[in-house]
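Here's coords-v2.txt, which has compact mmCIF, C-alpha atoms and all ligand atoms:
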```
# COMPACT_ATOMS: atom_id res chain seq x y z
CA MET A 231 -10.99 10.77 -5.58
CA SER A 232 -7.74 12.37 -6.63
CA LYS A 233 -4.35 11.46 -5.22
CA GLU A 234 -4.30 14.87 -3.49
CA LYS A 235 -7.55 14.15 -1.63
CA PHE A 236 -6.24 10.72 -0.62
CA LYS A 237 -3.10 12.34 0.82
CA GLU A 238 -5.08 15.03 2.66
CA TYR A 239 -7.48 12.50 4.17
CA TYR A 240 -4.64 10.73 5.98
CA GLN A 241 -3.08 13.99 7.15
CA ASP A 242 -6.16 14.71 9.27
CA ASP A 243 -5.43 14.27 13.01
CA ASN A 244 -8.71 12.40 13.49
CA VAL A 245 -7.62 9.76 11.00
CA THR A 246 -4.10 9.44 12.42
CA GLY A 247 -5.47 9.04 15.93
CA THR A 248 -8.03 6.38 15.08
CA TYR A 249 -6.39 4.46 12.25
CA ASP A 250 -5.01 1.51 14.21
CA ALA A 251 -8.10 1.12 16.38
CA GLN A 252 -10.23 1.06 13.27
CA ARG A 253 -8.02 -1.41 11.39
CA LEU A 254 -7.68 -3.75 14.37
CA GLY A 255 -11.03 -3.04 15.98
CA THR A 256 -12.52 -6.54 15.96
CA GLU A 257 -11.16 -10.09 16.29
CA TYR A 258 -12.02 -10.71 12.66
CA ARG A 259 -10.03 -7.68 11.51
CA LYS A 260 -7.08 -8.61 13.71
CA GLN A 261 -7.01 -12.08 12.24
CA LYS A 262 -7.25 -10.79 8.67
CA ARG A 263 -4.45 -8.30 9.32
CA GLN A 264 -2.20 -11.13 10.53
CA GLU A 265 -2.99 -13.24 7.46
CA GLU A 266 -2.34 -10.23 5.26
CA LEU A 267 0.97 -9.47 7.00
CA LYS A 268 2.18 -13.03 6.49
CA ILE A 269 1.41 -12.97 2.76
CA PHE A 270 3.17 -9.62 2.28
CA LEU A 271 6.28 -10.72 4.19
CA ASP A 272 6.44 -14.05 2.34
CA LEU A 273 6.15 -12.35 -1.01
CA LEU A 274 8.76 -9.74 -0.11
CA ASN A 275 11.22 -12.36 1.17
CA LYS A 276 13.63 -9.67 2.32
CA LYS A 277 17.31 -10.58 2.53
CA ASP A 278 19.69 -8.80 4.91
CA ASN A 279 21.73 -7.02 2.24
CA GLU A 280 18.76 -5.78 0.23
CA LYS A 281 17.68 -2.15 0.08
CA VAL A 282 13.92 -2.07 0.62
CA LEU A 283 11.53 0.85 0.32
CA GLU A 284 8.04 0.92 1.81
CA LEU A 285 5.48 3.35 0.38
CA GLY A 286 2.62 4.70 2.50
CA ALA A 287 3.99 3.18 5.71
CA SER A 288 1.31 4.93 7.72
CA SER A 289 1.55 3.97 11.42
CA GLY A 290 4.03 1.18 10.74
CA PHE A 291 1.93 -1.96 10.94
CA LEU A 292 4.10 -3.55 8.23
CA THR A 293 7.25 -1.46 8.84
CA GLU A 294 7.56 -2.96 12.30
CA HIS A 295 8.45 -6.30 10.66
CA LEU A 296 10.81 -5.04 7.97
CA GLY A 297 13.99 -4.44 9.97
CA VAL A 298 16.30 -1.98 8.20
CA VAL A 299 14.08 -0.27 5.64
CA THR A 300 13.29 3.13 4.17
CA ALA A 301 9.66 3.98 4.89
CA VAL A 302 7.89 6.95 3.36
CA ASP A 303 4.51 8.54 3.92
CA THR A 304 3.02 12.01 3.45
CA SER A 305 1.68 12.09 7.03
CA LYS A 306 4.29 13.37 9.49
CA GLU A 307 2.20 12.25 12.47
CA MET A 308 1.82 8.69 11.16
CA LEU A 309 5.58 8.51 10.62
CA LYS A 310 6.26 9.41 14.27
CA ILE A 311 4.34 6.27 15.26
CA THR A 312 6.22 4.22 12.64
CA LYS A 313 9.58 5.33 13.96
CA ARG A 314 8.59 4.31 17.50
CA ARG A 315 7.52 0.90 16.22
CA ASN A 316 10.68 0.32 14.18
CA PRO A 317 13.64 2.45 15.35
CA SER A 318 15.88 0.91 12.68
CA ALA A 319 13.69 2.22 9.87
CA THR A 320 14.65 5.41 8.06
CA VAL A 321 11.35 7.28 7.96
CA LEU A 322 10.84 10.09 5.47
CA GLU A 323 8.01 12.45 4.75
CA ALA A 324 7.86 12.02 1.00
CA ASP A 325 5.43 11.64 -1.87
CA MET A 326 5.32 8.27 -3.62
CA PHE A 327 4.58 10.07 -6.91
CA LYS A 328 7.79 12.11 -6.63
CA LEU A 329 10.28 10.16 -4.61
CA PRO A 330 13.47 11.85 -3.37
CA PHE A 331 15.70 8.99 -4.56
CA SER A 332 17.85 8.52 -7.62
CA ASP A 333 17.10 5.99 -10.33
CA ASN A 334 17.82 2.31 -9.58
CA SER A 335 18.17 2.85 -5.81
CA PHE A 336 16.23 -0.10 -4.37
CA ASP A 337 16.15 -3.89 -4.70
CA LYS A 338 12.56 -4.14 -3.54
CA ILE A 339 9.53 -1.93 -2.97
CA ILE A 340 6.54 -2.86 -0.86
CA THR A 341 3.28 -1.06 -0.29
CA MET A 342 0.28 -2.38 1.64
CA ARG A 343 -3.29 -1.09 1.32
CA VAL A 344 -2.16 2.09 -0.37
CA TRP A 345 -2.56 1.60 -4.10
CA THR A 346 -6.07 0.24 -3.50
CA HIS A 347 -6.97 3.95 -3.21
CA LEU A 348 -5.65 4.92 -6.64
CA ASN A 349 -7.62 5.27 -9.83
CA GLU A 350 -6.03 3.91 -12.98
CA ASP A 351 -4.24 7.12 -13.98
CA ASP A 352 -2.72 7.52 -10.51
CA LEU A 353 -1.87 3.84 -10.27
CA ARG A 354 0.06 4.13 -13.51
CA LEU A 355 1.91 7.20 -12.16
CA ALA A 356 2.81 5.33 -8.96
CA LEU A 357 4.06 2.36 -10.99
CA LYS A 358 6.21 4.63 -13.19
CA GLU A 359 7.80 6.32 -10.18
CA SER A 360 8.44 2.97 -8.45
CA LYS A 361 9.95 1.58 -11.63
CA ARG A 362 12.30 4.54 -11.77
CA VAL A 363 13.75 3.99 -8.28
CA LEU A 364 13.77 0.17 -8.54
CA LYS A 365 16.81 -1.60 -9.91
CA SER A 366 16.33 -3.58 -13.07
CA GLY A 367 15.03 -7.00 -12.02
CA GLY A 368 13.88 -5.48 -8.73
CA ILE A 369 10.73 -6.69 -6.99
CA LEU A 370 7.52 -4.82 -6.27
CA VAL A 371 4.92 -6.13 -3.81
CA PHE A 372 1.54 -4.42 -3.63
CA ASP A 373 -2.14 -5.18 -3.33
CA THR A 374 -5.38 -4.23 -4.90
CA GLU A 375 -8.99 -5.16 -4.42
CA GLU A 376 -10.67 -7.45 -6.90
CA LYS A 377 -13.73 -6.11 -8.67
CA ASN A 378 -16.84 -7.51 -6.98
CA LEU A 379 -20.33 -6.19 -7.58
CA LEU A 380 -21.79 -7.13 -4.20
CA ARG A 381 -18.88 -5.51 -2.34
CA ARG A 382 -19.23 -2.37 -4.41
CA PHE A 383 -22.92 -2.21 -3.60
CA ILE A 384 -22.29 -2.65 0.16
CA HIS A 385 -19.46 -0.09 0.16
CA PHE A 386 -21.73 2.43 -1.47
CA PHE A 387 -24.40 2.18 1.27
CA TYR A 388 -21.91 1.80 4.13
CA LYS A 389 -20.26 5.06 3.13
CA ARG A 390 -23.64 6.83 2.88
CA ILE A 391 -24.93 5.50 6.22
CA PHE A 392 -21.73 6.35 8.12
CA LYS A 393 -21.17 9.52 6.06
CA ILE A 394 -17.63 8.52 5.11
CA THR A 395 -16.45 10.87 2.40
CA GLY A 396 -12.66 10.97 2.64
CA TYR A 397 -11.46 7.86 0.91
CA LYS A 398 -12.34 5.56 -1.92
CA ILE A 399 -11.24 2.13 -3.02
CA TYR A 400 -10.74 1.39 -6.70
CA PRO A 401 -11.13 -2.31 -7.49
CA TYR A 402 -9.48 -3.96 -10.51
CA SER A 403 -10.03 -7.19 -12.37
CA ILE A 404 -7.11 -9.60 -12.68
CA LYS A 405 -7.15 -9.07 -16.42
CA GLY A 406 -7.15 -5.29 -15.95
CA ILE A 407 -4.26 -5.24 -13.49
CA LYS A 408 -2.23 -7.63 -15.68
CA LYS A 409 -2.67 -5.31 -18.64
CA ILE A 410 -1.63 -2.22 -16.64
CA LEU A 411 1.44 -3.98 -15.24
CA SER A 412 2.62 -5.22 -18.59
CA GLU A 413 2.11 -1.79 -20.19
CA GLU A 414 4.09 -0.17 -17.35
CA GLY A 415 7.02 -2.57 -17.73
CA PHE A 416 6.46 -5.08 -14.94
CA GLY A 417 6.54 -8.85 -15.30
CA TRP A 418 3.86 -10.93 -13.59
CA LYS A 419 5.36 -13.27 -10.97
CA ILE A 420 3.10 -14.39 -8.13
CA CYS A 421 -0.44 -13.48 -7.21
CA LYS A 422 -2.06 -14.46 -3.90
CA PHE A 423 -5.58 -13.91 -2.70
CA LEU A 424 -6.86 -12.97 0.71
CA ASN A 425 -10.56 -13.71 1.05
CA HIS A 426 -12.66 -11.23 2.98
CA ARG A 427 -16.27 -11.67 4.03
CA ILE A 428 -17.24 -10.33 0.67
CA GLY A 429 -14.69 -10.21 -2.13
CA ARG A 430 -10.97 -10.67 -2.03
CA GLN A 431 -7.73 -8.75 -1.94
CA ILE A 432 -5.16 -9.48 -4.64
CA ILE A 433 -1.56 -9.37 -3.41
CA LEU A 434 1.10 -9.33 -6.11
CA ARG A 435 4.82 -9.83 -6.49
CA VAL A 436 5.98 -8.44 -9.82
CA THR A 437 9.39 -7.75 -11.40
CA ASN A 438 10.81 -4.62 -12.94
CA ILE A 439 11.73 -5.74 -16.46
C1 LIG A 501 -4.58 3.10 4.09
S1 LIG A 501 -3.17 3.88 4.68
C2 LIG A 501 -1.87 2.73 4.59
C3 LIG A 501 -1.82 1.64 5.31
C4 LIG A 501 -0.60 0.96 5.84
N1 LIG A 501 0.36 0.61 4.83
C5 LIG A 501 -1.21 -0.23 6.51
O1 LIG A 501 -1.33 -1.28 5.89
O2 LIG A 501 -1.58 -0.06 7.67
C6 LIG A 501 -2.64 4.84 3.34
C7 LIG A 501 -1.37 5.65 3.64
O3 LIG A 501 -0.90 6.23 2.42
C8 LIG A 501 -0.37 7.52 2.72
N2 LIG A 501 -0.33 8.32 1.49
C9 LIG A 501 -1.35 8.92 0.84
N3 LIG A 501 -0.90 9.56 -0.25
C10 LIG A 501 0.46 9.37 -0.27
C11 LIG A 501 1.51 9.79 -1.15
N4 LIG A 501 1.23 10.55 -2.21
N5 LIG A 501 2.77 9.40 -0.87
C12 LIG A 501 3.05 8.64 0.22
N6 LIG A 501 2.10 8.20 1.09
C13 LIG A 501 0.83 8.57 0.84
C14 LIG A 501 -1.32 8.06 3.77
O4 LIG A 501 -0.76 9.10 4.52
C15 LIG A 501 -1.61 6.80 4.61
O5 LIG A 501 -0.76 6.72 5.71
```
For the file at hand, write its structure as structure tokens.
Amino acid sequence: MSKEKFKEYYQDDNVTGTYDAQRLGTEYRKQKRQEELKIFLDLLNKKDNEKVLELGASSGFLTEHLGVVTAVDTSKEMLKITKRRNPSATVLEADMFKLPFSDNSFDKIITMRVWTHLNEDDLRLALKESKRVLKSGGILVFDTEEKNLLRRFIHFFYKRIFKITGYKIYPYSIKGIKKILSEEGFGWKICKFLNHRIGRQIILRVTNI
């Protein structure tokens, strides 16, 4: 799936209207979302004077906890929900591959469950653009899904049975993601894991070097 298709999928009203219900639809999902939130916030460790950018804020699940922050997404409708959830956020309809900010603008960038949808070429583009707007020594927090054969197999049938065609997840190995990060000029700092029923999510804090 291309980055254009990914963007279009989330601009669909049906997706905007059902996103939160789907993400928080069961007790298990709610609990996982809380665990995930805690890891992201711990890794970000936002200080009051820091300029923080969130990419793919969507309906503001994370934004709500970020205080003063700049939050971007390509879905105008999602951003309306974000602004209601966090009135102190500056929300902007913008593309994470072509950000409307000058070089070295932010101390930290965070993005949750967004880059999991990017193939390697697009992930590298997103890293380059984030590096550009991050200050030197700045922090990037993002997640990806670890390669897991069983999960891949289940995903494949789940999507066929429920006829889900709009989005795709691209898993990476730890070795693979380390290589990409080092080639794109990021230093490996901390890596946490969130176990799911099958497979695990890798959540990373890396530095712009
Ligand atoms: C899976 S959702 C994000 C989830 C959200 N961060 C959360 O954890 O609930 C992916 C989001 O990325 C946004 N998106 C897709 N392509 C984008 C792009 N090129 N630039 C910025 N946001 C984009 C979509 O509109 C969607 O809101």
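Within the 10 Å cut-off around region 237-245 of chain A, using only C-alpha atoms and omitting residues fewer than 4 positions from it on the same chain, the listed residues are Ser232, Lys233, Tyr249, Asp250, Gln252, Gly286, Ser288, Asp303, Thr304, Ser305, Lys306, Glu307, Met308, Asp325, Thr395, Gly396 and Tyr397 of chain A.
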Can I get the selection written as an mmCIF file, in the frame of the given file, with C-alpha atoms?
```cif
data_model
loop_
_atom_site.group_PDB
_atom_site.id
_atom_site.type_symbol
_atom_site.label_atom_id
_atom_site.label_comp_id
_atom_site.auth_asym_id
_atom_site.auth_seq_id
_atom_site.Cartn_x
_atom_site.Cartn_y
_atom_site.Cartn_z
ATOM 1 C CA SER A 232 -7.740 12.370 -6.630
ATOM 2 C CA LYS A 233 -4.350 11.460 -5.220
ATOM 3 C CA TYR A 249 -6.390 4.460 12.250
ATOM 4 C CA ASP A 250 -5.010 1.510 14.210
ATOM 5 C CA GLN A 252 -10.230 1.060 13.270
ATOM 6 C CA GLY A 286 2.620 4.700 2.500
ATOM 7 C CA SER A 288 1.310 4.930 7.720
ATOM 8 C CA ASP A 303 4.510 8.540 3.920
ATOM 9 C CA THR A 304 3.020 12.010 3.450
ATOM 10 C CA SER A 305 1.680 12.090 7.030
ATOM 11 C CA LYS A 306 4.290 13.370 9.490
ATOM 12 C CA GLU A 307 2.200 12.250 12.470
ATOM 13 C CA MET A 308 1.820 8.690 11.160
ATOM 14 C CA ASP A 325 5.430 11.640 -1.870
ATOM 15 C CA THR A 395 -16.450 10.870 2.400
ATOM 16 C CA GLY A 396 -12.660 10.970 2.640
ATOM 17 C CA TYR A 397 -11.460 7.860 0.910
#
```
Ligand LIG 501 (chain A), all listed atoms, 3 Å padding on each side: what axis-aligned box centre and edge lengths in Å to one decimal come out, as JSON?
```
{"center_x": -0.8, "center_y": 4.6, "center_z": 2.7, "size_x": 13.6, "size_y": 17.8, "size_z": 15.9}
```
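Counting from CA of Leu285 (chain A), the distance to CA of Gly255 (chain A) is 23.6 Å.
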Contacts of Lys358 (chain A) at 8 Å (only C-alpha atoms; same-chain gap of 4+ positions) as a VMD selection string: chain A and resid 354 362 414
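The interatomic distance for the pair atom N6 of ligand LIG 501 (chain A) and CA of Ala324 (chain A) works out to 6.9 Å.
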Test item: which residues lie within 9 Å of (6.5, -8.5, -4.5) counting only C-alpha atoms, as a ChimeraX atom specification: /A:270-275,338-340,369-372,419-421,433-437
Minimum-distance residue to Phe416 (chain A), chosen among A:Lys310, A:Arg259, A:Arg343, A:Lys361 (using all atoms listed in the file): A:Lys361
Residue contacts of region 374-390 of chain A (8 Å, all atoms listed in the file) excluding same-chain residues fewer than 5 positions away, as an NGL selection string: :A and (343 or 345-346 or 395 or 399-404 or 428-433)
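Between ligand LIG 501 (chain A) and the residues A:Pro330, A:Gly367, A:Gly417, A:Pro317, the shortest atom-to-atom distance, using all atoms listed in the file, involves A:Pro330.
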Straight-line distance linking CA of Ser332 (chain A) with CA of Leu364 (chain A), stated in Å to one decimal: 9.3 Å
Top pick for closest residue to ligand LIG 501 (chain A), considering A:Thr256, A:Thr341, A:Ser335, A:Ser360 and counting only C-alpha atoms and all ligand atoms: A:Thr341
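If you measure from each of A:Lys276, A:Arg427, A:Arg315, A:Lys328 to ligand LIG 501 (chain A) using all atoms listed in the file, the closest one turns out to be A:Lys328.
Ranking A:Glu266, A:Asp278, A:Asp351, A:Asp333 by their shortest atom-to-atom distance to Val299 (chain A), with only C-alpha atoms included, puts A:Asp278 first.
Nearest residue to Glu350 (chain A) among A:Thr248, A:Ile410, A:Lys268, A:Lys277 is A:Ile410, counting all atoms listed in the file.
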N, CA and C atoms for region 351-368 of chain A, written as a PDB file, in the coordinates of the input, could you do that?
```
ATOM      1  N   ASP A 351      -5.279   6.154 -13.586  1.00  0.00           N
ATOM      2  CA  ASP A 351      -4.240   7.120 -13.980  1.00  0.00           C
ATOM      3  C   ASP A 351      -3.193   7.262 -12.880  1.00  0.00           C
ATOM      4  N   ASP A 352      -3.666   7.354 -11.627  1.00  0.00           N
ATOM      5  CA  ASP A 352      -2.720   7.520 -10.510  1.00  0.00           C
ATOM      6  C   ASP A 352      -1.931   6.237 -10.260  1.00  0.00           C
ATOM      7  N   LEU A 353      -2.588   5.105 -10.433  1.00  0.00           N
ATOM      8  CA  LEU A 353      -1.870   3.840 -10.270  1.00  0.00           C
ATOM      9  C   LEU A 353      -0.723   3.749 -11.272  1.00  0.00           C
ATOM     10  N   ARG A 354      -0.990   4.163 -12.477  1.00  0.00           N
ATOM     11  CA  ARG A 354       0.060   4.130 -13.510  1.00  0.00           C
ATOM     12  C   ARG A 354       1.208   5.079 -13.140  1.00  0.00           C
ATOM     13  N   LEU A 355       0.858   6.250 -12.572  1.00  0.00           N
ATOM     14  CA  LEU A 355       1.910   7.200 -12.160  1.00  0.00           C
ATOM     15  C   LEU A 355       2.764   6.596 -11.041  1.00  0.00           C
ATOM     16  N   ALA A 356       2.085   5.938 -10.087  1.00  0.00           N
ATOM     17  CA  ALA A 356       2.810   5.330  -8.960  1.00  0.00           C
ATOM     18  C   ALA A 356       3.719   4.205  -9.472  1.00  0.00           C
ATOM     19  N   LEU A 357       3.240   3.437 -10.428  1.00  0.00           N
ATOM     20  CA  LEU A 357       4.060   2.360 -10.990  1.00  0.00           C
ATOM     21  C   LEU A 357       5.285   2.932 -11.709  1.00  0.00           C
ATOM     22  N   LYS A 358       5.084   4.007 -12.449  1.00  0.00           N
ATOM     23  CA  LYS A 358       6.210   4.630 -13.190  1.00  0.00           C
ATOM     24  C   LYS A 358       7.293   5.103 -12.218  1.00  0.00           C
ATOM     25  N   GLU A 359       6.833   5.762 -11.127  1.00  0.00           N
ATOM     26  CA  GLU A 359       7.800   6.320 -10.180  1.00  0.00           C
ATOM     27  C   GLU A 359       8.523   5.182  -9.418  1.00  0.00           C
ATOM     28  N   SER A 360       7.806   4.120  -9.119  1.00  0.00           N
ATOM     29  CA  SER A 360       8.440   2.970  -8.450  1.00  0.00           C
ATOM     30  C   SER A 360       9.435   2.309  -9.381  1.00  0.00           C
ATOM     31  N   LYS A 361       9.049   2.197 -10.641  1.00  0.00           N
ATOM     32  CA  LYS A 361       9.950   1.580 -11.630  1.00  0.00           C
ATOM     33  C   LYS A 361      11.259   2.382 -11.727  1.00  0.00           C
ATOM     34  N   ARG A 362      11.109   3.679 -11.667  1.00  0.00           N
ATOM     35  CA  ARG A 362      12.300   4.540 -11.770  1.00  0.00           C
ATOM     36  C   ARG A 362      13.307   4.262 -10.648  1.00  0.00           C
ATOM     37  N   VAL A 363      12.806   4.140  -9.408  1.00  0.00           N
ATOM     38  CA  VAL A 363      13.750   3.990  -8.280  1.00  0.00           C
ATOM     39  C   VAL A 363      14.132   2.527  -8.026  1.00  0.00           C
ATOM     40  N   LEU A 364      13.437   1.605  -8.690  1.00  0.00           N
ATOM     41  CA  LEU A 364      13.770   0.170  -8.540  1.00  0.00           C
ATOM     42  C   LEU A 364      14.904  -0.189  -9.485  1.00  0.00           C
ATOM     43  N   LYS A 365      15.769  -1.085  -9.011  1.00  0.00           N
ATOM     44  CA  LYS A 365      16.810  -1.600  -9.910  1.00  0.00           C
ATOM     45  C   LYS A 365      16.153  -2.485 -10.967  1.00  0.00           C
ATOM     46  N   SER A 366      16.839  -2.683 -12.046  1.00  0.00           N
ATOM     47  CA  SER A 366      16.330  -3.580 -13.070  1.00  0.00           C
ATOM     48  C   SER A 366      16.278  -4.997 -12.462  1.00  0.00           C
ATOM     49  N   GLY A 367      15.194  -5.676 -12.629  1.00  0.00           N
ATOM     50  CA  GLY A 367      15.030  -7.000 -12.020  1.00  0.00           C
ATOM     51  C   GLY A 367      14.526  -6.917 -10.579  1.00  0.00           C
ATOM     52  N   GLY A 368      14.358  -5.682 -10.105  1.00  0.00           N
ATOM     53  CA  GLY A 368      13.880  -5.480  -8.730  1.00  0.00           C
ATOM     54  C   GLY A 368      12.430  -5.946  -8.560  1.00  0.00           C
TER      55      GLY A 368
END
```
